[in-house]
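Chemist: What follows is the file coords.cif, containing mmCIF, N, CA and C atoms and all ligand atoms:
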```cif
data_model
#
loop_
_atom_site.label_atom_id
_atom_site.label_comp_id
_atom_site.auth_asym_id
_atom_site.auth_seq_id
_atom_site.Cartn_x
_atom_site.Cartn_y
_atom_site.Cartn_z
N MET A 39 -6.49 8.10 9.86
CA MET A 39 -7.71 7.33 10.07
C MET A 39 -8.41 7.12 8.72
N ILE A 40 -9.03 5.94 8.57
CA ILE A 40 -9.75 5.67 7.32
C ILE A 40 -10.85 6.72 7.13
N GLU A 41 -10.91 7.26 5.93
CA GLU A 41 -11.90 8.31 5.67
C GLU A 41 -12.91 7.95 4.59
N ILE A 42 -12.44 7.29 3.54
CA ILE A 42 -13.29 7.13 2.35
C ILE A 42 -13.20 5.71 1.79
N VAL A 43 -14.36 5.16 1.48
CA VAL A 43 -14.45 4.07 0.50
C VAL A 43 -15.21 4.66 -0.68
N ASP A 44 -14.53 4.78 -1.80
CA ASP A 44 -15.19 5.34 -2.99
C ASP A 44 -16.05 4.25 -3.63
N SER A 45 -17.36 4.39 -3.52
CA SER A 45 -18.27 3.34 -4.01
C SER A 45 -18.26 3.24 -5.53
N ASP A 46 -17.82 4.28 -6.22
CA ASP A 46 -17.73 4.20 -7.68
C ASP A 46 -16.55 3.32 -8.10
N ARG A 47 -15.53 3.27 -7.27
CA ARG A 47 -14.36 2.46 -7.62
C ARG A 47 -14.41 1.06 -7.01
N CYS A 48 -14.99 0.94 -5.84
CA CYS A 48 -14.97 -0.34 -5.12
C CYS A 48 -15.60 -1.45 -5.97
N ILE A 49 -14.92 -2.60 -6.01
CA ILE A 49 -15.43 -3.75 -6.78
C ILE A 49 -15.90 -4.88 -5.86
N GLY A 50 -15.93 -4.59 -4.56
CA GLY A 50 -16.45 -5.57 -3.61
C GLY A 50 -15.61 -6.82 -3.46
N CYS A 51 -14.29 -6.67 -3.56
CA CYS A 51 -13.42 -7.83 -3.47
C CYS A 51 -13.22 -8.31 -2.03
N ASP A 52 -13.56 -7.48 -1.07
CA ASP A 52 -13.46 -7.81 0.36
C ASP A 52 -12.02 -7.89 0.88
N ILE A 53 -11.06 -7.49 0.07
CA ILE A 53 -9.68 -7.55 0.55
C ILE A 53 -9.49 -6.66 1.78
N CYS A 54 -10.06 -5.47 1.75
CA CYS A 54 -9.90 -4.57 2.91
C CYS A 54 -10.59 -5.15 4.14
N VAL A 55 -11.71 -5.84 3.93
CA VAL A 55 -12.43 -6.45 5.05
C VAL A 55 -11.53 -7.49 5.72
N LYS A 56 -10.81 -8.24 4.88
CA LYS A 56 -9.97 -9.32 5.41
C LYS A 56 -8.64 -8.82 5.96
N VAL A 57 -8.08 -7.79 5.33
CA VAL A 57 -6.72 -7.39 5.70
C VAL A 57 -6.70 -6.46 6.92
N CYS A 58 -7.78 -5.79 7.19
CA CYS A 58 -7.78 -4.82 8.29
C CYS A 58 -7.60 -5.53 9.63
N PRO A 59 -6.57 -5.17 10.37
CA PRO A 59 -6.32 -5.84 11.65
C PRO A 59 -7.29 -5.43 12.75
N ARG A 60 -8.08 -4.38 12.51
CA ARG A 60 -9.01 -3.90 13.53
C ARG A 60 -10.48 -4.12 13.17
N ASP A 61 -10.73 -4.87 12.10
CA ASP A 61 -12.11 -5.21 11.71
C ASP A 61 -12.97 -3.96 11.53
N VAL A 62 -12.41 -2.99 10.83
CA VAL A 62 -13.10 -1.71 10.64
C VAL A 62 -14.20 -1.81 9.59
N PHE A 63 -14.01 -2.68 8.59
CA PHE A 63 -14.94 -2.73 7.45
C PHE A 63 -15.95 -3.86 7.59
N ASP A 64 -17.12 -3.62 6.99
CA ASP A 64 -18.08 -4.69 6.73
C ASP A 64 -18.31 -4.74 5.23
N SER A 65 -18.78 -5.88 4.77
CA SER A 65 -19.25 -5.98 3.40
C SER A 65 -20.72 -5.60 3.40
N GLY A 66 -21.07 -4.56 2.65
CA GLY A 66 -22.44 -4.05 2.68
C GLY A 66 -23.41 -4.95 1.92
N ASP A 67 -24.68 -4.63 2.00
CA ASP A 67 -25.71 -5.42 1.31
C ASP A 67 -25.48 -5.47 -0.19
N ASP A 68 -24.89 -4.41 -0.75
CA ASP A 68 -24.61 -4.38 -2.18
C ASP A 68 -23.25 -5.02 -2.52
N GLY A 69 -22.58 -5.58 -1.50
CA GLY A 69 -21.29 -6.24 -1.73
C GLY A 69 -20.11 -5.31 -1.62
N LEU A 70 -20.34 -4.03 -1.53
CA LEU A 70 -19.24 -3.07 -1.45
C LEU A 70 -18.83 -2.88 0.02
N ALA A 71 -17.56 -2.51 0.19
CA ALA A 71 -17.06 -2.31 1.55
C ALA A 71 -17.66 -1.05 2.16
N VAL A 72 -17.96 -1.13 3.44
CA VAL A 72 -18.40 0.05 4.17
C VAL A 72 -17.55 0.19 5.44
N ILE A 73 -17.35 1.43 5.82
CA ILE A 73 -16.61 1.70 7.06
C ILE A 73 -17.62 1.56 8.21
N ALA A 74 -17.46 0.51 8.99
CA ALA A 74 -18.45 0.20 10.02
C ALA A 74 -17.99 0.60 11.42
N ARG A 75 -16.69 0.60 11.65
CA ARG A 75 -16.17 0.91 12.98
C ARG A 75 -14.96 1.83 12.85
N LYS A 76 -15.24 3.02 12.36
CA LYS A 76 -14.18 3.96 12.02
C LYS A 76 -13.25 4.26 13.22
N SER A 77 -13.82 4.40 14.38
CA SER A 77 -13.00 4.80 15.53
C SER A 77 -12.02 3.71 15.95
N ASP A 78 -12.19 2.49 15.44
CA ASP A 78 -11.23 1.42 15.75
C ASP A 78 -10.00 1.46 14.85
N CYS A 79 -10.04 2.31 13.81
CA CYS A 79 -8.92 2.37 12.85
C CYS A 79 -7.63 2.79 13.55
N GLN A 80 -6.54 2.10 13.24
CA GLN A 80 -5.24 2.43 13.83
C GLN A 80 -4.30 3.09 12.81
N THR A 81 -4.86 3.51 11.67
CA THR A 81 -4.08 4.27 10.67
C THR A 81 -2.82 3.51 10.24
N CYS A 82 -3.01 2.23 9.97
CA CYS A 82 -1.87 1.42 9.53
C CYS A 82 -1.70 1.42 8.01
N PHE A 83 -2.70 1.90 7.26
CA PHE A 83 -2.66 2.02 5.80
C PHE A 83 -2.74 0.69 5.05
N LEU A 84 -2.88 -0.42 5.76
CA LEU A 84 -2.89 -1.71 5.07
C LEU A 84 -4.02 -1.81 4.05
N CYS A 85 -5.19 -1.31 4.42
CA CYS A 85 -6.33 -1.41 3.49
C CYS A 85 -6.04 -0.65 2.21
N GLU A 86 -5.48 0.55 2.35
CA GLU A 86 -5.17 1.35 1.16
C GLU A 86 -4.10 0.67 0.32
N LEU A 87 -3.11 0.08 0.97
CA LEU A 87 -2.06 -0.61 0.23
C LEU A 87 -2.62 -1.77 -0.59
N TYR A 88 -3.53 -2.53 -0.01
CA TYR A 88 -3.98 -3.75 -0.67
C TYR A 88 -5.17 -3.56 -1.60
N CYS A 89 -5.86 -2.45 -1.52
CA CYS A 89 -7.02 -2.25 -2.40
C CYS A 89 -6.56 -2.26 -3.86
N PRO A 90 -7.11 -3.13 -4.70
CA PRO A 90 -6.62 -3.25 -6.07
C PRO A 90 -7.06 -2.13 -7.00
N VAL A 91 -8.00 -1.31 -6.56
CA VAL A 91 -8.53 -0.29 -7.46
C VAL A 91 -8.43 1.12 -6.89
N ASP A 92 -7.59 1.29 -5.88
CA ASP A 92 -7.39 2.62 -5.28
C ASP A 92 -8.70 3.28 -4.88
N ALA A 93 -9.51 2.53 -4.15
CA ALA A 93 -10.83 3.05 -3.74
C ALA A 93 -10.82 3.62 -2.33
N LEU A 94 -9.69 3.50 -1.64
CA LEU A 94 -9.66 3.88 -0.23
C LEU A 94 -8.74 5.06 0.01
N TYR A 95 -9.09 5.81 1.03
CA TYR A 95 -8.19 6.89 1.48
C TYR A 95 -8.07 6.83 2.99
N VAL A 96 -6.83 6.68 3.45
CA VAL A 96 -6.53 6.74 4.88
C VAL A 96 -5.80 8.06 5.12
N SER A 97 -6.38 8.89 5.96
CA SER A 97 -5.73 10.15 6.30
C SER A 97 -4.57 9.89 7.26
N PRO A 98 -3.48 10.63 7.10
CA PRO A 98 -2.37 10.45 8.05
C PRO A 98 -2.71 10.98 9.45
N HIS A 99 -3.81 11.70 9.58
CA HIS A 99 -4.21 12.20 10.90
C HIS A 99 -4.94 11.10 11.66
N ALA A 100 -4.27 10.52 12.61
CA ALA A 100 -4.81 9.35 13.31
C ALA A 100 -5.95 9.70 14.26
N GLU A 101 -5.93 10.89 14.79
CA GLU A 101 -6.90 11.23 15.83
C GLU A 101 -8.02 12.14 15.35
N LEU A 102 -7.91 12.65 14.11
CA LEU A 102 -8.87 13.64 13.63
C LEU A 102 -9.78 13.07 12.55
N ASP A 103 -11.01 13.55 12.51
CA ASP A 103 -11.87 13.30 11.36
C ASP A 103 -11.55 14.36 10.31
N ASP A 104 -11.01 13.92 9.16
CA ASP A 104 -10.73 14.88 8.10
C ASP A 104 -12.00 15.10 7.29
N GLU A 105 -12.27 16.34 6.94
CA GLU A 105 -13.43 16.65 6.09
C GLU A 105 -13.01 16.49 4.64
N VAL A 106 -13.09 15.27 4.11
CA VAL A 106 -12.69 15.02 2.73
C VAL A 106 -13.83 14.33 2.00
N ASP A 107 -13.87 14.49 0.69
CA ASP A 107 -14.81 13.71 -0.12
C ASP A 107 -14.07 13.16 -1.33
N SER A 108 -14.69 12.20 -1.99
CA SER A 108 -14.02 11.50 -3.08
C SER A 108 -13.62 12.45 -4.21
N GLU A 109 -14.52 13.35 -4.58
CA GLU A 109 -14.21 14.27 -5.69
C GLU A 109 -12.96 15.08 -5.40
N GLN A 110 -12.88 15.57 -4.20
CA GLN A 110 -11.72 16.36 -3.78
C GLN A 110 -10.45 15.51 -3.83
N LEU A 111 -10.54 14.28 -3.32
CA LEU A 111 -9.37 13.40 -3.29
C LEU A 111 -8.92 13.01 -4.70
N ILE A 112 -9.90 12.74 -5.58
CA ILE A 112 -9.56 12.37 -6.96
C ILE A 112 -8.92 13.57 -7.67
N ALA A 113 -9.47 14.76 -7.44
CA ALA A 113 -8.91 15.96 -8.07
C ALA A 113 -7.47 16.19 -7.64
N GLN A 114 -7.17 15.82 -6.40
CA GLN A 114 -5.81 16.01 -5.88
C GLN A 114 -4.95 14.75 -6.07
N ASN A 115 -5.48 13.75 -6.77
CA ASN A 115 -4.78 12.49 -7.01
C ASN A 115 -4.34 11.83 -5.70
N LEU A 116 -5.22 11.89 -4.71
CA LEU A 116 -4.87 11.35 -3.41
C LEU A 116 -5.42 9.94 -3.15
N LEU A 117 -6.45 9.54 -3.90
CA LEU A 117 -6.93 8.17 -3.70
C LEU A 117 -5.83 7.20 -4.15
N GLY A 118 -5.42 6.35 -3.24
CA GLY A 118 -4.35 5.40 -3.57
C GLY A 118 -2.97 6.00 -3.57
N SER A 119 -2.83 7.23 -3.12
CA SER A 119 -1.52 7.89 -3.19
C SER A 119 -0.50 7.24 -2.26
N TYR A 120 -0.95 6.72 -1.13
CA TYR A 120 0.00 6.05 -0.22
C TYR A 120 0.61 4.83 -0.93
N THR A 121 -0.25 4.09 -1.62
CA THR A 121 0.22 2.91 -2.35
C THR A 121 1.25 3.29 -3.41
N ARG A 122 0.95 4.35 -4.14
CA ARG A 122 1.91 4.79 -5.16
C ARG A 122 3.23 5.22 -4.53
N ASN A 123 3.14 5.98 -3.44
CA ASN A 123 4.35 6.45 -2.80
C ASN A 123 5.20 5.30 -2.27
N MET A 124 4.54 4.21 -1.92
CA MET A 124 5.27 3.04 -1.43
C MET A 124 5.80 2.19 -2.59
N GLY A 125 5.44 2.56 -3.84
CA GLY A 125 5.93 1.83 -5.00
C GLY A 125 5.28 0.48 -5.18
N TRP A 126 4.04 0.32 -4.67
CA TRP A 126 3.44 -1.01 -4.66
C TRP A 126 2.73 -1.39 -5.94
N SER A 127 1.99 -0.48 -6.58
CA SER A 127 1.12 -1.03 -7.62
C SER A 127 1.36 -0.44 -8.99
N ARG A 128 0.49 -0.82 -9.89
CA ARG A 128 0.62 -0.63 -11.32
C ARG A 128 1.10 0.76 -11.74
N GLY A 129 2.18 0.82 -12.47
CA GLY A 129 2.63 2.06 -13.06
C GLY A 129 2.96 3.14 -12.06
N LYS A 130 3.39 2.72 -10.88
CA LYS A 130 3.63 3.69 -9.82
C LYS A 130 5.04 4.27 -9.90
N MET A 131 5.12 5.54 -9.51
CA MET A 131 6.44 6.16 -9.42
C MET A 131 7.15 5.64 -8.17
N GLY A 132 8.42 5.88 -8.11
CA GLY A 132 9.18 5.45 -6.95
C GLY A 132 9.32 3.95 -6.95
N GLY A 133 9.43 3.34 -5.78
CA GLY A 133 9.45 1.90 -5.70
C GLY A 133 10.84 1.32 -5.71
N THR A 134 10.86 0.01 -5.84
CA THR A 134 12.11 -0.70 -5.62
C THR A 134 13.19 -0.36 -6.64
N ASP A 135 12.81 0.00 -7.86
CA ASP A 135 13.83 0.32 -8.84
C ASP A 135 14.61 1.57 -8.45
N LYS A 136 14.04 2.39 -7.57
CA LYS A 136 14.73 3.60 -7.13
C LYS A 136 15.32 3.44 -5.72
N ASP A 137 15.19 2.27 -5.16
CA ASP A 137 15.67 2.02 -3.81
C ASP A 137 17.18 1.81 -3.85
N PRO A 138 18.00 2.69 -3.25
CA PRO A 138 19.45 2.56 -3.32
C PRO A 138 19.96 1.27 -2.70
N THR A 139 19.25 0.73 -1.70
CA THR A 139 19.73 -0.53 -1.11
C THR A 139 19.60 -1.67 -2.12
N ARG A 140 18.56 -1.59 -2.96
CA ARG A 140 18.42 -2.61 -4.00
C ARG A 140 19.56 -2.51 -5.00
N GLN A 141 19.89 -1.26 -5.39
CA GLN A 141 21.01 -1.07 -6.31
C GLN A 141 22.29 -1.65 -5.73
N LEU A 142 22.52 -1.42 -4.44
CA LEU A 142 23.73 -1.95 -3.81
C LEU A 142 23.72 -3.48 -3.80
N ARG A 143 22.54 -4.05 -3.57
CA ARG A 143 22.46 -5.52 -3.56
C ARG A 143 22.78 -6.07 -4.95
N ILE A 144 22.28 -5.38 -6.00
CA ILE A 144 22.57 -5.83 -7.37
C ILE A 144 24.07 -5.74 -7.64
N LEU A 145 24.67 -4.60 -7.28
CA LEU A 145 26.10 -4.43 -7.49
C LEU A 145 26.88 -5.50 -6.74
N ASN A 146 26.47 -5.78 -5.52
CA ASN A 146 27.15 -6.79 -4.71
C ASN A 146 27.04 -8.16 -5.36
N ARG A 147 25.82 -8.47 -5.90
CA ARG A 147 25.63 -9.78 -6.53
C ARG A 147 26.49 -9.91 -7.78
N VAL A 148 26.50 -8.83 -8.61
CA VAL A 148 27.29 -8.86 -9.84
C VAL A 148 28.78 -8.99 -9.48
N GLY A 149 29.21 -8.25 -8.47
CA GLY A 149 30.61 -8.34 -8.06
C GLY A 149 30.97 -9.72 -7.58
N ARG A 150 30.04 -10.34 -6.84
CA ARG A 150 30.30 -11.70 -6.33
C ARG A 150 30.39 -12.68 -7.47
N GLU A 151 29.46 -12.54 -8.45
CA GLU A 151 29.49 -13.46 -9.59
C GLU A 151 30.79 -13.30 -10.39
N ASN A 152 31.23 -12.03 -10.59
CA ASN A 152 32.47 -11.79 -11.32
C ASN A 152 33.66 -12.39 -10.59
N THR A 153 33.65 -12.23 -9.26
CA THR A 153 34.75 -12.78 -8.47
C THR A 153 34.79 -14.30 -8.56
N GLN A 154 33.60 -14.91 -8.50
CA GLN A 154 33.56 -16.37 -8.56
C GLN A 154 34.00 -16.87 -9.93
N GLU A 155 33.60 -16.14 -11.01
CA GLU A 155 34.04 -16.53 -12.35
C GLU A 155 35.55 -16.45 -12.48
N ALA A 156 36.16 -15.49 -11.75
CA ALA A 156 37.61 -15.31 -11.81
C ALA A 156 38.32 -16.28 -10.87
N GLY A 157 37.53 -17.15 -10.18
CA GLY A 157 38.14 -18.17 -9.32
C GLY A 157 38.31 -17.75 -7.89
N GLY A 158 37.83 -16.58 -7.51
CA GLY A 158 37.95 -16.13 -6.13
C GLY A 158 36.69 -16.41 -5.35
N GLN A 159 36.64 -15.86 -4.14
CA GLN A 159 35.47 -16.03 -3.31
C GLN A 159 34.70 -14.72 -3.27
N GLY A 160 33.40 -14.79 -3.46
CA GLY A 160 32.57 -13.61 -3.43
C GLY A 160 32.32 -13.12 -2.02
N ILE A 161 31.80 -11.89 -1.92
CA ILE A 161 31.44 -11.36 -0.61
C ILE A 161 30.38 -12.26 -0.01
N GLY A 162 30.49 -12.55 1.24
CA GLY A 162 29.52 -13.43 1.88
C GLY A 162 30.03 -14.87 1.93
N ASN A 163 31.09 -15.18 1.18
CA ASN A 163 31.67 -16.51 1.22
C ASN A 163 33.00 -16.52 1.95
N ARG A 164 33.32 -15.42 2.59
CA ARG A 164 34.60 -15.35 3.27
C ARG A 164 34.59 -16.24 4.50
N GLN A 165 35.76 -16.80 4.82
CA GLN A 165 35.84 -17.65 6.01
C GLN A 165 36.82 -17.05 6.99
S1 LIG B 201 -5.82 1.95 8.11
FE1 LIG B 201 -5.48 -0.08 9.03
S2 LIG B 201 -6.82 -0.15 10.83
FE2 LIG B 201 -7.51 1.56 9.56
S3 LIG B 201 -9.15 0.73 8.31
FE3 LIG B 201 -7.26 0.54 7.11
S4 LIG B 201 -6.44 -1.51 7.59
FE4 LIG B 201 -8.00 -1.02 9.14
S1 LIG B 202 -10.20 -3.59 -1.15
FE1 LIG B 202 -10.95 -1.84 -2.35
S2 LIG B 202 -12.17 -2.78 -3.99
FE2 LIG B 202 -11.89 -4.34 -2.44
S3 LIG B 202 -13.72 -4.19 -1.14
FE3 LIG B 202 -12.12 -2.89 -0.21
S4 LIG B 202 -12.47 -0.85 -1.06
FE4 LIG B 202 -13.59 -2.30 -2.34
#
```
Can the structure from this file be put into structure tokens for me?

Modeler:
Amino acid sequence: MIEIVDSDRCIGCDICVKVCPRDVFDSGDDGLAVIARKSDCQTCFLCELYCPVDALYVSPHAELDDEVDSEQLIAQNLLGSYTRNMGWSRGKMGGTDKDPTRQLRILNRVGRENTQEAGGQGIGNRQ
């Protein structure tokens, strides 16, 4: 469940307001996102994924209120951690370069190109 909008990090871009499928956020009077309907959260992590400044924390506990605060989350490097683990944003560990299926696709493409250069048919062109 969504737990934190860190007001020190939030830049008021409204991306979380727009991306949330359950309309959990409002844009506050100061332009920053506020959690307005927390109990409607479905723990989909979309807001955390799309936040450009890692200002959000979605707890994996869908049914519980976690007792967390921003300082604690920052100290544990948890703000934006879901995004990093998914390999989505700037300078993140993991991600597509470590995805073995991507490596296989690259190998397959290189093999197909080599086969075609040699005059044969690549994988996927078989009849
Ligand atoms: S986790 Fe999903 S449902 Fe919950 S606030 Fe974020 S985008 Fe909305
Ligand atoms: S996506 Fe992040 S920066 Fe943008 S309004 Fe939401 S919390 Fe603030």

Chemist: Please produce, as JSON lines, a per-residue contact table for chain A versus ligand LIG 202 (chain B) (criterion: any atom at most 5 Å away, only N, CA and C atoms and all ligand atoms considered), showing the nearest atom pair and its distance in Å to one decimal, sorted by chain then residue number.

Modeler:
```
{"residue": "A:Cys48", "atom": "CA", "partner": "B:LIG202", "partner_atom": "FE4", "distance": 3.7}
{"residue": "A:Ile49", "atom": "N", "partner": "B:LIG202", "partner_atom": "S2", "distance": 3.4}
{"residue": "A:Gly50", "atom": "CA", "partner": "B:LIG202", "partner_atom": "S3", "distance": 3.9}
{"residue": "A:Cys51", "atom": "N", "partner": "B:LIG202", "partner_atom": "S3", "distance": 3.5}
{"residue": "A:Asp52", "atom": "N", "partner": "B:LIG202", "partner_atom": "S3", "distance": 3.3}
{"residue": "A:Ile53", "atom": "N", "partner": "B:LIG202", "partner_atom": "FE2", "distance": 4.1}
{"residue": "A:Cys54", "atom": "N", "partner": "B:LIG202", "partner_atom": "S1", "distance": 3.5}
{"residue": "A:Ala71", "atom": "N", "partner": "B:LIG202", "partner_atom": "S3", "distance": 4.4}
{"residue": "A:Cys89", "atom": "CA", "partner": "B:LIG202", "partner_atom": "S1", "distance": 3.7}
{"residue": "A:Pro90", "atom": "N", "partner": "B:LIG202", "partner_atom": "FE1", "distance": 4.7}
{"residue": "A:Ala93", "atom": "C", "partner": "B:LIG202", "partner_atom": "S4", "distance": 4.9}
```

Chemist: Please write out the residues within 6 Å of ligand LIG 201 (chain B) as a PyMOL selection string, counting only N, CA and C atoms and all ligand atoms.

Modeler: chain A and resi 39-40+57-63+78-86+96

Chemist: Pick from A:Leu70, A:Glu41, A:Arg147, A:Arg122: nearest to Asp103 in chain A, with only N, CA and C atoms counted?

Modeler: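 Among the listed residues, A:Glu41 lies closest to Asp103 in chain A.
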
Chemist: Name the closest residue to Leu116 in chain A among the candidates A:Asp92, A:Glu155, A:Asp64, A:Asp46; distances are taken between atoms, counting all atoms listed in the file.

Modeler: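 Once distances to Leu116 in chain A are computed over all atoms listed in the file, the minimum belongs to A:Asp92.
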
Chemist: Please return as a list in words: the residues of range 58-136 of chain A that backbone DSSP assigns to strand (DSSP E).

Modeler: Phe63, Asp64, Ser65, Ala71, Val72, Ile73, Leu94, Tyr95 and Val96 of chain A

Chemist: Have a look at A:Glu151, A:Tyr95, A:Ile73, A:Val55 and name the one nearest to Tyr120 in chain A; count all atoms listed in the file.

Modeler: A:Tyr95

Chemist: Write down as a list in words the residues of range 42-83 of chain A whose backbone DSSP state falls under alpha helix (DSSP H).

Modeler: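 So, restricting range 42-83 of chain A to alpha helix (DSSP H), we get Ile53, Cys54, Val55, Lys56 and Val57 of chain A.
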
Chemist: Atom N of Arg75 in chain A and atom N of Gln114 in chain A are how many Å apart?

Modeler: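 One can read the atom N of Arg75 in chain A to atom N of Gln114 in chain A distance as 25.5 Å.
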
Chemist: For range 65-79 of chain A, what centre and edge lengths in Å (one decimal) does the axis-aligned box get once 6 Å is added on each side of all its listed atoms, as lines of an AutoDock Vina configuration file?

Modeler:
```
center_x = -16.7
center_y = -0.7
center_z = 6.7
size_x = 30.1
size_y = 23.0
size_z = 30.5
```

Chemist: Please indicate the distance in Å from atom C of Ala113 in chain A to CA of Ser97 in chain A, rounded to one decimal place.

Modeler: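 Computing it gives 15.3 Å between the two atoms.
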
Chemist: Which distance in Å separates atom N of Val72 in chain A and atom N of Asp44 in chain A, to one decimal?

Modeler: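 Answer for the atom N of Val72 in chain A to atom N of Asp44 in chain A separation: 8.6 Å.
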
Chemist: Given only N, CA and C atoms as the basis, pick out the residue of A:Ala100, A:Leu87, A:Ala156, A:Val148 nearest to Gly118 in chain A.

Modeler: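 Smallest separation from Gly118 in chain A among the options: A:Leu87.
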